[in-house]
There are 2 protein chains.
Amino acid sequence: MAAEVRHTNRRGEILDHASRLFSAHGYDGTAIRLIARASGVTEAAIYRHFDGKAQLYDEVIRAKAREHDIAGDLAASRGCGDVEDVLRVVANHVLSLAHRDPELVRLMSNSSLENDQGRATIFREVRSPYIEFLVEEITRRMAAGEVRRIDPVITSRCFVGMVMDCALNAGMWSRFAGAEVDAQTVVCNNVPIFARGLTNDGATAPFNDGV
Amino acid sequence: MAAEVRHTNRRGEILDHASRLFSAHGYDGTAIRLIARASGVTEAAIYRHFDGKAQLYDEVIRAKAREHDIAGDLAASRGCGDVEDVLRVVANHVLSLAHRDPELVRLMSNSSLENDQGRATIFREVRSPYIEFLVEEITRRMAAGEVRRIDPVITSRCFVGMVMDCALNAGMWSRFAGAEVDAQTVVCNNVPIFARGLTNDGATAPFNDGV
DNA sequence: GGACAGAGTCAACGTTCGCTCACCTCGTTC
DNA sequence: GAACGAGGTGAGCGAACGTTGACTCTGTCC
């Protein structure tokens, strides 16, 4: 990270402005001309640094995803607490990420069809770390009898999807329902529901049927 | 006389082709020229029927939303079965809607920033009916003691969000994990988890604390 | 001090965009 | 049968688009 700081930061500046504009207006809605003007250079200068619009967009996505070490953050909580704690860690991380980096949220909900590769990149870099962490935790806790017998992959994908959808559409909620709901309230409401649905009752034997 | 008047349907034809193209390439990615060519007319003809591109897009969204009577479908299941049945009805309806009308799914995930009004329309016409149905069901069952004390609005929004995210990103799943997961498997896995998290234990008294 | 490469500008290219205009062709109405 | 409005055409507008080529400036290396 510190090694990248050359004495000309133009490339980074362009990437920053492009990230902001792409996230605000989408891929098709952002002209190279706009990025150039925002970066204080001409359009031709942008083509000195990037091969074209598509490649610039791809670099923006990749740089944005690399800003966060999601898997690394989650690794610290590996094996800690009960399954409710695990869900809470994931949900809180997603929602705080969305709060810290609104551009990322917009890029995620923007890169739907325009530039399908960008969408795949975001999916792989942002969503997958959460899912993989959850799958691992749930699988281990299922073997230990803490979690009932469910499909860890489907369950993890859907839980992450629920939290992502919440982060992406929080703005829409307030527009229709009026009252703003903060992230912590959502977590406090939903994580226990999901956790309760996942955990074995104390009365039930951990291994009630074979694998 | 009345049998040959099918070509008075130009407006509807244009809407159909516009719907297909907008859902395939997004708002900015779809040129009026393309819609005209697909509809077998010139661009000028489109401007006879619609005020402009933005209004055409809005009409597409509105027509698409009106194709389905989500609230009406759900009303038939009002008050039936236990809370698990209610969740299953909602999840199955969302997933079958997505299966029957892929264009709608694409429009939903496409209309992100481009034309924000279109996004709000889809949100109101497609998502809200599910949420309102769930809120009503959960609230009633909470009062009856079947469901634990949770926030019905947040819970409903998040459940619907989970299912929508599943419907929207099912294509992405298979690309990364390889194995395709069909909708019914997802419902069978997740609805019981959520339902179990919502329902009161049999051992617990229905009203264990005041409202 | 000359060669060279990177970074930047300026001007323009060919194309496509949303949109409009003048005109045509009907079926209906008075 | 004249008038008329709805629906359609073909040509073309001005603007914006992504992209490129020729050129300049400025360090750095041999």
# chains A, B, ... in the order shown; residues from 1 in each chain; ligands from 1

$ residues_around --residues "region 10-19 of chain D" --least-positions-apart "5" --cutoff "8 Å" --atoms "only C-alpha atoms (C1' of nucleotides)" --output "ChimeraX atom specification"
/A:31-32,53 /C:16-17,20

$ write_last_selection --atoms "all heavy atoms" --output "PDB file, in the first residue's frame"
ATOM      1  N   ALA A  31     -19.497   9.669 -18.411  1.00  0.00           N
ATOM      2  CA  ALA A  31     -18.685   9.874 -19.607  1.00  0.00           C
ATOM      3  C   ALA A  31     -17.227  10.051 -19.217  1.00  0.00           C
ATOM      4  O   ALA A  31     -16.918  10.655 -18.194  1.00  0.00           O
ATOM      5  CB  ALA A  31     -19.171  11.096 -20.379  1.00  0.00           C
ATOM      6  N   ILE A  32     -16.353   9.520 -20.060  1.00  0.00           N
ATOM      7  CA  ILE A  32     -14.909   9.712 -19.860  1.00  0.00           C
ATOM      8  C   ILE A  32     -14.606  11.203 -19.707  1.00  0.00           C
ATOM      9  O   ILE A  32     -13.782  11.613 -18.910  1.00  0.00           O
ATOM     10  CB  ILE A  32     -14.136   9.140 -21.067  1.00  0.00           C
ATOM     11  CG1 ILE A  32     -14.322   7.618 -21.127  1.00  0.00           C
ATOM     12  CG2 ILE A  32     -12.674   9.494 -20.984  1.00  0.00           C
ATOM     13  CD1 ILE A  32     -13.464   6.859 -20.190  1.00  0.00           C
ATOM     14  N   LYS A  53     -12.633   2.612 -21.476  1.00  0.00           N
ATOM     15  CA  LYS A  53     -13.618   2.828 -20.422  1.00  0.00           C
ATOM     16  C   LYS A  53     -13.877   1.538 -19.638  1.00  0.00           C
ATOM     17  O   LYS A  53     -13.929   1.548 -18.415  1.00  0.00           O
ATOM     18  CB  LYS A  53     -14.927   3.326 -21.043  1.00  0.00           C
ATOM     19  CG  LYS A  53     -15.904   3.833 -20.020  1.00  0.00           C
ATOM     20  CD  LYS A  53     -17.212   4.271 -20.670  1.00  0.00           C
ATOM     21  CE  LYS A  53     -18.170   4.832 -19.640  1.00  0.00           C
ATOM     22  NZ  LYS A  53     -19.455   5.232 -20.220  1.00  0.00           N
TER      23      LYS A  53
ATOM     24  P    DT C  16     -22.707   3.275 -35.009  1.00  0.00           P
ATOM     25  OP1  DT C  16     -22.471   1.850 -34.705  1.00  0.00           O
ATOM     26  OP2  DT C  16     -23.314   3.698 -36.283  1.00  0.00           O
ATOM     27  O5'  DT C  16     -23.569   3.905 -33.821  1.00  0.00           O
ATOM     28  C5'  DT C  16     -23.011   3.971 -32.521  1.00  0.00           C
ATOM     29  C4'  DT C  16     -23.745   5.017 -31.707  1.00  0.00           C
ATOM     30  O4'  DT C  16     -23.431   6.327 -32.199  1.00  0.00           O
ATOM     31  C3'  DT C  16     -25.280   4.914 -31.780  1.00  0.00           C
ATOM     32  O3'  DT C  16     -25.753   4.535 -30.492  1.00  0.00           O
ATOM     33  C2'  DT C  16     -25.736   6.311 -32.179  1.00  0.00           C
ATOM     34  C1'  DT C  16     -24.506   7.167 -31.884  1.00  0.00           C
ATOM     35  N1   DT C  16     -24.385   8.401 -32.721  1.00  0.00           N
ATOM     36  C2   DT C  16     -24.397   9.632 -32.117  1.00  0.00           C
ATOM     37  O2   DT C  16     -24.518   9.780 -30.910  1.00  0.00           O
ATOM     38  N3   DT C  16     -24.275  10.694 -32.977  1.00  0.00           N
ATOM     39  C4   DT C  16     -24.133  10.647 -34.348  1.00  0.00           C
ATOM     40  O4   DT C  16     -24.021  11.673 -35.013  1.00  0.00           O
ATOM     41  C5   DT C  16     -24.129   9.319 -34.922  1.00  0.00           C
ATOM     42  C7   DT C  16     -23.976   9.150 -36.393  1.00  0.00           C
ATOM     43  C6   DT C  16     -24.250   8.265 -34.090  1.00  0.00           C
ATOM     44  P    DC C  17     -27.269   4.223 -30.227  1.00  0.00           P
ATOM     45  OP1  DC C  17     -27.316   3.140 -29.234  1.00  0.00           O
ATOM     46  OP2  DC C  17     -27.946   4.077 -31.530  1.00  0.00           O
ATOM     47  O5'  DC C  17     -27.769   5.563 -29.543  1.00  0.00           O
ATOM     48  C5'  DC C  17     -27.117   6.005 -28.350  1.00  0.00           C
ATOM     49  C4'  DC C  17     -27.509   7.445 -28.043  1.00  0.00           C
ATOM     50  O4'  DC C  17     -26.892   8.319 -29.004  1.00  0.00           O
ATOM     51  C3'  DC C  17     -28.987   7.725 -28.177  1.00  0.00           C
ATOM     52  O3'  DC C  17     -29.631   7.423 -26.954  1.00  0.00           O
ATOM     53  C2'  DC C  17     -29.007   9.231 -28.434  1.00  0.00           C
ATOM     54  C1'  DC C  17     -27.665   9.503 -29.106  1.00  0.00           C
ATOM     55  N1   DC C  17     -27.734   9.857 -30.558  1.00  0.00           N
ATOM     56  C2   DC C  17     -27.765  11.194 -30.939  1.00  0.00           C
ATOM     57  O2   DC C  17     -27.759  12.061 -30.059  1.00  0.00           O
ATOM     58  N3   DC C  17     -27.823  11.500 -32.258  1.00  0.00           N
ATOM     59  C4   DC C  17     -27.836  10.523 -33.167  1.00  0.00           C
ATOM     60  N4   DC C  17     -27.869  10.867 -34.455  1.00  0.00           N
ATOM     61  C5   DC C  17     -27.812   9.148 -32.790  1.00  0.00           C
ATOM     62  C6   DC C  17     -27.778   8.866 -31.493  1.00  0.00           C
ATOM     63  P    DT C  20     -38.641  16.721 -29.085  1.00  0.00           P
ATOM     64  OP1  DT C  20     -38.895  17.896 -28.244  1.00  0.00           O
ATOM     65  OP2  DT C  20     -39.533  15.552 -29.054  1.00  0.00           O
ATOM     66  O5'  DT C  20     -38.531  17.214 -30.593  1.00  0.00           O
ATOM     67  C5'  DT C  20     -37.456  18.063 -30.958  1.00  0.00           C
ATOM     68  C4'  DT C  20     -37.519  18.389 -32.439  1.00  0.00           C
ATOM     69  O4'  DT C  20     -37.053  17.248 -33.216  1.00  0.00           O
ATOM     70  C3'  DT C  20     -38.934  18.693 -32.970  1.00  0.00           C
ATOM     71  O3'  DT C  20     -38.853  19.857 -33.782  1.00  0.00           O
ATOM     72  C2'  DT C  20     -39.290  17.453 -33.789  1.00  0.00           C
ATOM     73  C1'  DT C  20     -37.921  17.026 -34.300  1.00  0.00           C
ATOM     74  N1   DT C  20     -37.794  15.589 -34.674  1.00  0.00           N
ATOM     75  C2   DT C  20     -37.323  15.271 -35.919  1.00  0.00           C
ATOM     76  O2   DT C  20     -37.000  16.094 -36.753  1.00  0.00           O
ATOM     77  N3   DT C  20     -37.231  13.917 -36.155  1.00  0.00           N
ATOM     78  C4   DT C  20     -37.570  12.886 -35.298  1.00  0.00           C
ATOM     79  O4   DT C  20     -37.454  11.716 -35.620  1.00  0.00           O
ATOM     80  C5   DT C  20     -38.066  13.303 -34.017  1.00  0.00           C
ATOM     81  C7   DT C  20     -38.466  12.273 -33.000  1.00  0.00           C
ATOM     82  C6   DT C  20     -38.155  14.617 -33.770  1.00  0.00           C
TER      83       DT C  20
END

$ calpha_fit_rmsd --fixed "chain A" --moving "chain B"
2.3 Å

$ closest_atom_pairs --of "chain A" --to "chain D" --cutoff "12 Å" --atoms "only C-alpha atoms (C1' of nucleotides)" --output "tab-separated table"
residue	atom	partner	partner_atom	distance
A:Asp28	CA	D:DC17	C1'	10.1
A:Gly29	CA	D:DC17	C1'	10.8
A:Thr30	CA	D:DC17	C1'	10.4
A:Ala31	CA	D:DC17	C1'	7.5
A:Ile32	CA	D:DG18	C1'	7.7
A:Arg33	CA	D:DC17	C1'	9.0
A:Leu34	CA	D:DC17	C1'	11.3
A:Glu43	CA	D:DT19	C1'	9.3
A:Ala44	CA	D:DT20	C1'	8.5
A:Ala45	CA	D:DT20	C1'	11.8
A:Ile46	CA	D:DT19	C1'	11.0
A:Tyr47	CA	D:DT19	C1'	8.6
A:Arg48	CA	D:DT20	C1'	11.5
A:Phe50	CA	D:DT19	C1'	12.0
A:Asp51	CA	D:DT19	C1'	10.2
A:Gly52	CA	D:DG18	C1'	8.2
A:Lys53	CA	D:DG18	C1'	7.8
A:Ala54	CA	D:DG18	C1'	10.5

$ interface_residues --of "chain C" --to "chain A" --cutoff "9 Å" --atoms "only C-alpha atoms (C1' of nucleotides)" --output "list in words"
DA7, DG8 and DT9 of chain C

$ write_last_selection --atoms "N, CA, C and O atoms (P, O5', C5', C4', C3', O3' and C1' of nucleotides)" --output "tab-separated table (two decimals), in the first residue's frame"
chain	number	residue	atom	x	y	z
C	7	DA	P	3.65	7.88	-16.73
C	7	DA	O5'	3.17	9.36	-17.03
C	7	DA	C5'	3.82	10.45	-16.39
C	7	DA	C4'	3.26	11.75	-16.92
C	7	DA	C3'	1.73	11.77	-17.04
C	7	DA	O3'	1.25	12.97	-16.47
C	7	DA	C1'	2.72	12.39	-19.08
C	8	DG	P	-0.32	13.11	-16.24
C	8	DG	O5'	-0.74	14.18	-17.34
C	8	DG	C5'	-0.17	15.48	-17.28
C	8	DG	C4'	-0.26	16.15	-18.63
C	8	DG	C3'	-1.65	16.22	-19.25
C	8	DG	O3'	-2.28	17.44	-18.93
C	8	DG	C1'	0.07	15.81	-20.87
C	9	DT	P	-3.73	17.76	-19.53
C	9	DT	O5'	-3.41	18.46	-20.92
C	9	DT	C5'	-2.51	19.58	-20.97
C	9	DT	C4'	-2.40	20.07	-22.40
C	9	DT	C3'	-3.74	20.41	-23.05
C	9	DT	O3'	-3.70	21.73	-23.58
C	9	DT	C1'	-2.53	18.87	-24.42

$ residues_around --residues "region 188-192 of chain B" --least-positions-apart "4" --cutoff "8 Å" --atoms "only C-alpha atoms (C1' of nucleotides)" --output "count of residues only"
12

$ residues_around --residues "Cys166 (chain B)" --least-positions-apart "6" --cutoff "12 Å" --atoms "only C-alpha atoms (C1' of nucleotides)" --output "PDB file with N, CA, C and O atoms, in the first residue's frame"
ATOM      1  N   ILE A 154     -26.582 -22.983   1.557  1.00  0.00           N
ATOM      2  CA  ILE A 154     -27.809 -22.225   1.288  1.00  0.00           C
ATOM      3  C   ILE A 154     -28.091 -21.261   2.419  1.00  0.00           C
ATOM      4  O   ILE A 154     -28.412 -20.086   2.202  1.00  0.00           O
ATOM      5  N   THR A 155     -27.957 -21.753   3.630  1.00  0.00           N
ATOM      6  CA  THR A 155     -28.237 -20.910   4.787  1.00  0.00           C
ATOM      7  C   THR A 155     -27.327 -19.689   4.817  1.00  0.00           C
ATOM      8  O   THR A 155     -27.793 -18.555   5.025  1.00  0.00           O
ATOM      9  N   SER A 156     -26.047 -19.905   4.583  1.00  0.00           N
ATOM     10  CA  SER A 156     -25.100 -18.785   4.617  1.00  0.00           C
ATOM     11  C   SER A 156     -25.389 -17.786   3.511  1.00  0.00           C
ATOM     12  O   SER A 156     -25.407 -16.572   3.732  1.00  0.00           O
ATOM     13  N   ARG A 157     -25.625 -18.307   2.308  1.00  0.00           N
ATOM     14  CA  ARG A 157     -25.917 -17.409   1.193  1.00  0.00           C
ATOM     15  C   ARG A 157     -27.139 -16.558   1.481  1.00  0.00           C
ATOM     16  O   ARG A 157     -27.151 -15.352   1.211  1.00  0.00           O
ATOM     17  N   CYS A 158     -28.159 -17.169   2.035  1.00  0.00           N
ATOM     18  CA  CYS A 158     -29.396 -16.435   2.267  1.00  0.00           C
ATOM     19  C   CYS A 158     -29.257 -15.434   3.395  1.00  0.00           C
ATOM     20  O   CYS A 158     -29.801 -14.329   3.325  1.00  0.00           O
ATOM     21  N   PHE A 159     -28.509 -15.805   4.420  1.00  0.00           N
ATOM     22  CA  PHE A 159     -28.317 -14.843   5.511  1.00  0.00           C
ATOM     23  C   PHE A 159     -27.535 -13.631   5.014  1.00  0.00           C
ATOM     24  O   PHE A 159     -27.922 -12.483   5.255  1.00  0.00           O
ATOM     25  N   VAL A 160     -26.457 -13.885   4.292  1.00  0.00           N
ATOM     26  CA  VAL A 160     -25.680 -12.770   3.740  1.00  0.00           C
ATOM     27  C   VAL A 160     -26.544 -11.960   2.770  1.00  0.00           C
ATOM     28  O   VAL A 160     -26.513 -10.729   2.772  1.00  0.00           O
ATOM     29  N   GLY A 161     -27.340 -12.657   1.963  1.00  0.00           N
ATOM     30  CA  GLY A 161     -28.228 -11.958   1.045  1.00  0.00           C
ATOM     31  C   GLY A 161     -29.201 -11.057   1.780  1.00  0.00           C
ATOM     32  O   GLY A 161     -29.470  -9.935   1.358  1.00  0.00           O
ATOM     33  N   MET A 162     -29.715 -11.554   2.901  1.00  0.00           N
ATOM     34  CA  MET A 162     -30.657 -10.761   3.684  1.00  0.00           C
ATOM     35  C   MET A 162     -29.996  -9.485   4.185  1.00  0.00           C
ATOM     36  O   MET A 162     -30.551  -8.384   4.069  1.00  0.00           O
ATOM     37  N   VAL A 163     -28.804  -9.623   4.725  1.00  0.00           N
ATOM     38  CA  VAL A 163     -28.108  -8.456   5.264  1.00  0.00           C
ATOM     39  C   VAL A 163     -27.719  -7.494   4.136  1.00  0.00           C
ATOM     40  O   VAL A 163     -27.841  -6.274   4.270  1.00  0.00           O
ATOM     41  N   MET A 164     -27.267  -8.052   3.010  1.00  0.00           N
ATOM     42  CA  MET A 164     -26.892  -7.201   1.872  1.00  0.00           C
ATOM     43  C   MET A 164     -28.108  -6.430   1.364  1.00  0.00           C
ATOM     44  O   MET A 164     -28.026  -5.240   1.091  1.00  0.00           O
ATOM     45  N   ASP A 165     -29.195  -7.133   1.212  1.00  0.00           N
ATOM     46  CA  ASP A 165     -30.414  -6.480   0.747  1.00  0.00           C
ATOM     47  C   ASP A 165     -30.803  -5.354   1.694  1.00  0.00           C
ATOM     48  O   ASP A 165     -31.222  -4.277   1.269  1.00  0.00           O
TER      49      ASP A 165
ATOM     50  N   ALA B  91     -42.498 -16.839   0.153  1.00  0.00           N
ATOM     51  CA  ALA B  91     -41.266 -17.228  -0.538  1.00  0.00           C
ATOM     52  C   ALA B  91     -41.579 -17.895  -1.871  1.00  0.00           C
ATOM     53  O   ALA B  91     -40.961 -17.579  -2.897  1.00  0.00           O
ATOM     54  N   ASN B  92     -42.538 -18.794  -1.865  1.00  0.00           N
ATOM     55  CA  ASN B  92     -42.883 -19.478  -3.109  1.00  0.00           C
ATOM     56  C   ASN B  92     -43.422 -18.505  -4.153  1.00  0.00           C
ATOM     57  O   ASN B  92     -43.140 -18.636  -5.340  1.00  0.00           O
ATOM     58  N   VAL B  94     -42.744 -15.256  -4.471  1.00  0.00           N
ATOM     59  CA  VAL B  94     -41.637 -14.458  -5.000  1.00  0.00           C
ATOM     60  C   VAL B  94     -40.831 -15.271  -6.002  1.00  0.00           C
ATOM     61  O   VAL B  94     -40.556 -14.818  -7.125  1.00  0.00           O
ATOM     62  N   LEU B  95     -40.490 -16.477  -5.624  1.00  0.00           N
ATOM     63  CA  LEU B  95     -39.619 -17.281  -6.483  1.00  0.00           C
ATOM     64  C   LEU B  95     -40.334 -17.727  -7.756  1.00  0.00           C
ATOM     65  O   LEU B  95     -39.721 -17.787  -8.830  1.00  0.00           O
ATOM     66  N   SER B  96     -41.616 -18.008  -7.648  1.00  0.00           N
ATOM     67  CA  SER B  96     -42.329 -18.414  -8.865  1.00  0.00           C
ATOM     68  C   SER B  96     -42.556 -17.201  -9.760  1.00  0.00           C
ATOM     69  O   SER B  96     -42.521 -17.309 -10.991  1.00  0.00           O
ATOM     70  N   ALA B  98     -40.473 -14.721 -10.020  1.00  0.00           N
ATOM     71  CA  ALA B  98     -39.178 -14.515 -10.671  1.00  0.00           C
ATOM     72  C   ALA B  98     -38.952 -15.530 -11.778  1.00  0.00           C
ATOM     73  O   ALA B  98     -38.343 -15.219 -12.806  1.00  0.00           O
ATOM     74  N   HIS B  99     -39.465 -16.735 -11.571  1.00  0.00           N
ATOM     75  CA  HIS B  99     -39.292 -17.776 -12.588  1.00  0.00           C
ATOM     76  C   HIS B  99     -40.181 -17.524 -13.794  1.00  0.00           C
ATOM     77  O   HIS B  99     -39.777 -17.743 -14.938  1.00  0.00           O
ATOM     78  N   VAL B 105     -37.463  -9.513 -13.040  1.00  0.00           N
ATOM     79  CA  VAL B 105     -36.282  -9.641 -12.189  1.00  0.00           C
ATOM     80  C   VAL B 105     -35.172  -8.740 -12.680  1.00  0.00           C
ATOM     81  O   VAL B 105     -34.542  -8.005 -11.913  1.00  0.00           O
ATOM     82  N   SER B 109     -33.361  -5.521 -10.802  1.00  0.00           N
ATOM     83  CA  SER B 109     -31.954  -5.384 -10.446  1.00  0.00           C
ATOM     84  C   SER B 109     -31.268  -4.366 -11.347  1.00  0.00           C
ATOM     85  O   SER B 109     -30.165  -3.919 -11.046  1.00  0.00           O
ATOM     86  N   PHE B 159     -37.170 -10.587   5.693  1.00  0.00           N
ATOM     87  CA  PHE B 159     -37.485 -11.879   5.084  1.00  0.00           C
ATOM     88  C   PHE B 159     -37.719 -11.712   3.581  1.00  0.00           C
ATOM     89  O   PHE B 159     -37.191 -12.474   2.768  1.00  0.00           O
ATOM     90  N   VAL B 160     -38.514 -10.717   3.240  1.00  0.00           N
ATOM     91  CA  VAL B 160     -38.759 -10.462   1.814  1.00  0.00           C
ATOM     92  C   VAL B 160     -37.447 -10.122   1.113  1.00  0.00           C
ATOM     93  O   VAL B 160     -37.184 -10.588  -0.007  1.00  0.00           O
ATOM     94  N   MET B 172     -25.974 -15.790 -10.133  1.00  0.00           N
ATOM     95  CA  MET B 172     -24.593 -15.605  -9.698  1.00  0.00           C
ATOM     96  C   MET B 172     -24.086 -16.805  -8.890  1.00  0.00           C
ATOM     97  O   MET B 172     -22.921 -17.178  -8.982  1.00  0.00           O
ATOM     98  N   TRP B 173     -24.980 -17.356  -8.083  1.00  0.00           N
ATOM     99  CA  TRP B 173     -24.596 -18.493  -7.244  1.00  0.00           C
ATOM    100  C   TRP B 173     -23.980 -19.593  -8.070  1.00  0.00           C
ATOM    101  O   TRP B 173     -22.896 -20.075  -7.783  1.00  0.00           O
ATOM    102  N   SER B 174     -24.710 -19.954  -9.119  1.00  0.00           N
ATOM    103  CA  SER B 174     -24.268 -21.113  -9.892  1.00  0.00           C
ATOM    104  C   SER B 174     -22.940 -20.830 -10.573  1.00  0.00           C
ATOM    105  O   SER B 174     -22.162 -21.738 -10.831  1.00  0.00           O
ATOM    106  N   VAL B 181     -28.759 -24.548  -7.591  1.00  0.00           N
ATOM    107  CA  VAL B 181     -29.664 -24.871  -6.491  1.00  0.00           C
ATOM    108  C   VAL B 181     -31.054 -24.412  -6.888  1.00  0.00           C
ATOM    109  O   VAL B 181     -31.254 -23.248  -7.218  1.00  0.00           O
ATOM    110  N   ASP B 182     -32.009 -25.301  -6.869  1.00  0.00           N
ATOM    111  CA  ASP B 182     -33.341 -24.889  -7.314  1.00  0.00           C
ATOM    112  C   ASP B 182     -34.105 -24.224  -6.173  1.00  0.00           C
ATOM    113  O   ASP B 182     -33.791 -24.390  -4.984  1.00  0.00           O
ATOM    114  N   ALA B 183     -35.098 -23.454  -6.562  1.00  0.00           N
ATOM    115  CA  ALA B 183     -35.809 -22.604  -5.615  1.00  0.00           C
ATOM    116  C   ALA B 183     -36.438 -23.413  -4.482  1.00  0.00           C
ATOM    117  O   ALA B 183     -36.412 -23.009  -3.314  1.00  0.00           O
ATOM    118  N   GLN B 184     -36.987 -24.560  -4.833  1.00  0.00           N
ATOM    119  CA  GLN B 184     -37.703 -25.340  -3.817  1.00  0.00           C
ATOM    120  C   GLN B 184     -36.763 -25.792  -2.704  1.00  0.00           C
ATOM    121  O   GLN B 184     -37.126 -25.815  -1.537  1.00  0.00           O
ATOM    122  N   THR B 185     -35.545 -26.136  -3.085  1.00  0.00           N
ATOM    123  CA  THR B 185     -34.559 -26.548  -2.084  1.00  0.00           C
ATOM    124  C   THR B 185     -34.258 -25.408  -1.125  1.00  0.00           C
ATOM    125  O   THR B 185     -34.128 -25.611   0.088  1.00  0.00           O
ATOM    126  N   VAL B 186     -34.144 -24.206  -1.681  1.00  0.00           N
ATOM    127  CA  VAL B 186     -33.854 -23.044  -0.837  1.00  0.00           C
ATOM    128  C   VAL B 186     -35.001 -22.804   0.131  1.00  0.00           C
ATOM    129  O   VAL B 186     -34.788 -22.573   1.334  1.00  0.00           O
ATOM    130  N   VAL B 187     -36.225 -22.877  -0.375  1.00  0.00           N
ATOM    131  CA  VAL B 187     -37.384 -22.655   0.488  1.00  0.00           C
ATOM    132  C   VAL B 187     -37.431 -23.705   1.600  1.00  0.00           C
ATOM    133  O   VAL B 187     -37.618 -23.384   2.777  1.00  0.00           O
ATOM    134  N   ASN B 190     -34.716 -22.775   4.207  1.00  0.00           N
ATOM    135  CA  ASN B 190     -34.714 -21.518   4.939  1.00  0.00           C
ATOM    136  C   ASN B 190     -36.016 -21.176   5.660  1.00  0.00           C
ATOM    137  O   ASN B 190     -35.985 -20.559   6.729  1.00  0.00           O
TER     138      ASN B 190
END

$ closest_residue --among "A:Ile193, A:Val83, A:Ala65, A:Ala179" --to "chain B" --atoms "only C-alpha atoms"
A:Ile193

$ atom_distance --atom1 "CA of Arg66 (chain A)" --atom2 "CA of Glu125 (chain A)"
7.9 Å

$ closest_residue --among "B:Ala24, B:Ala38, B:Leu15, B:Val60" --to "chain A" --atoms "only C-alpha atoms"
B:Ala24

$ select_by_dssp --residues "region 33-178 of chain B" --states "alpha helix (DSSP H)" --output "PyMOL selection string"
chain B and resi 33-39+43-49+53-66+70-75+83-100+102-110+116-122+128-143+152-177

$ closest_residue --among "B:Ile35, B:Val89, B:His25, B:Thr121" --to "chain A" --atoms "only C-alpha atoms"
B:His25
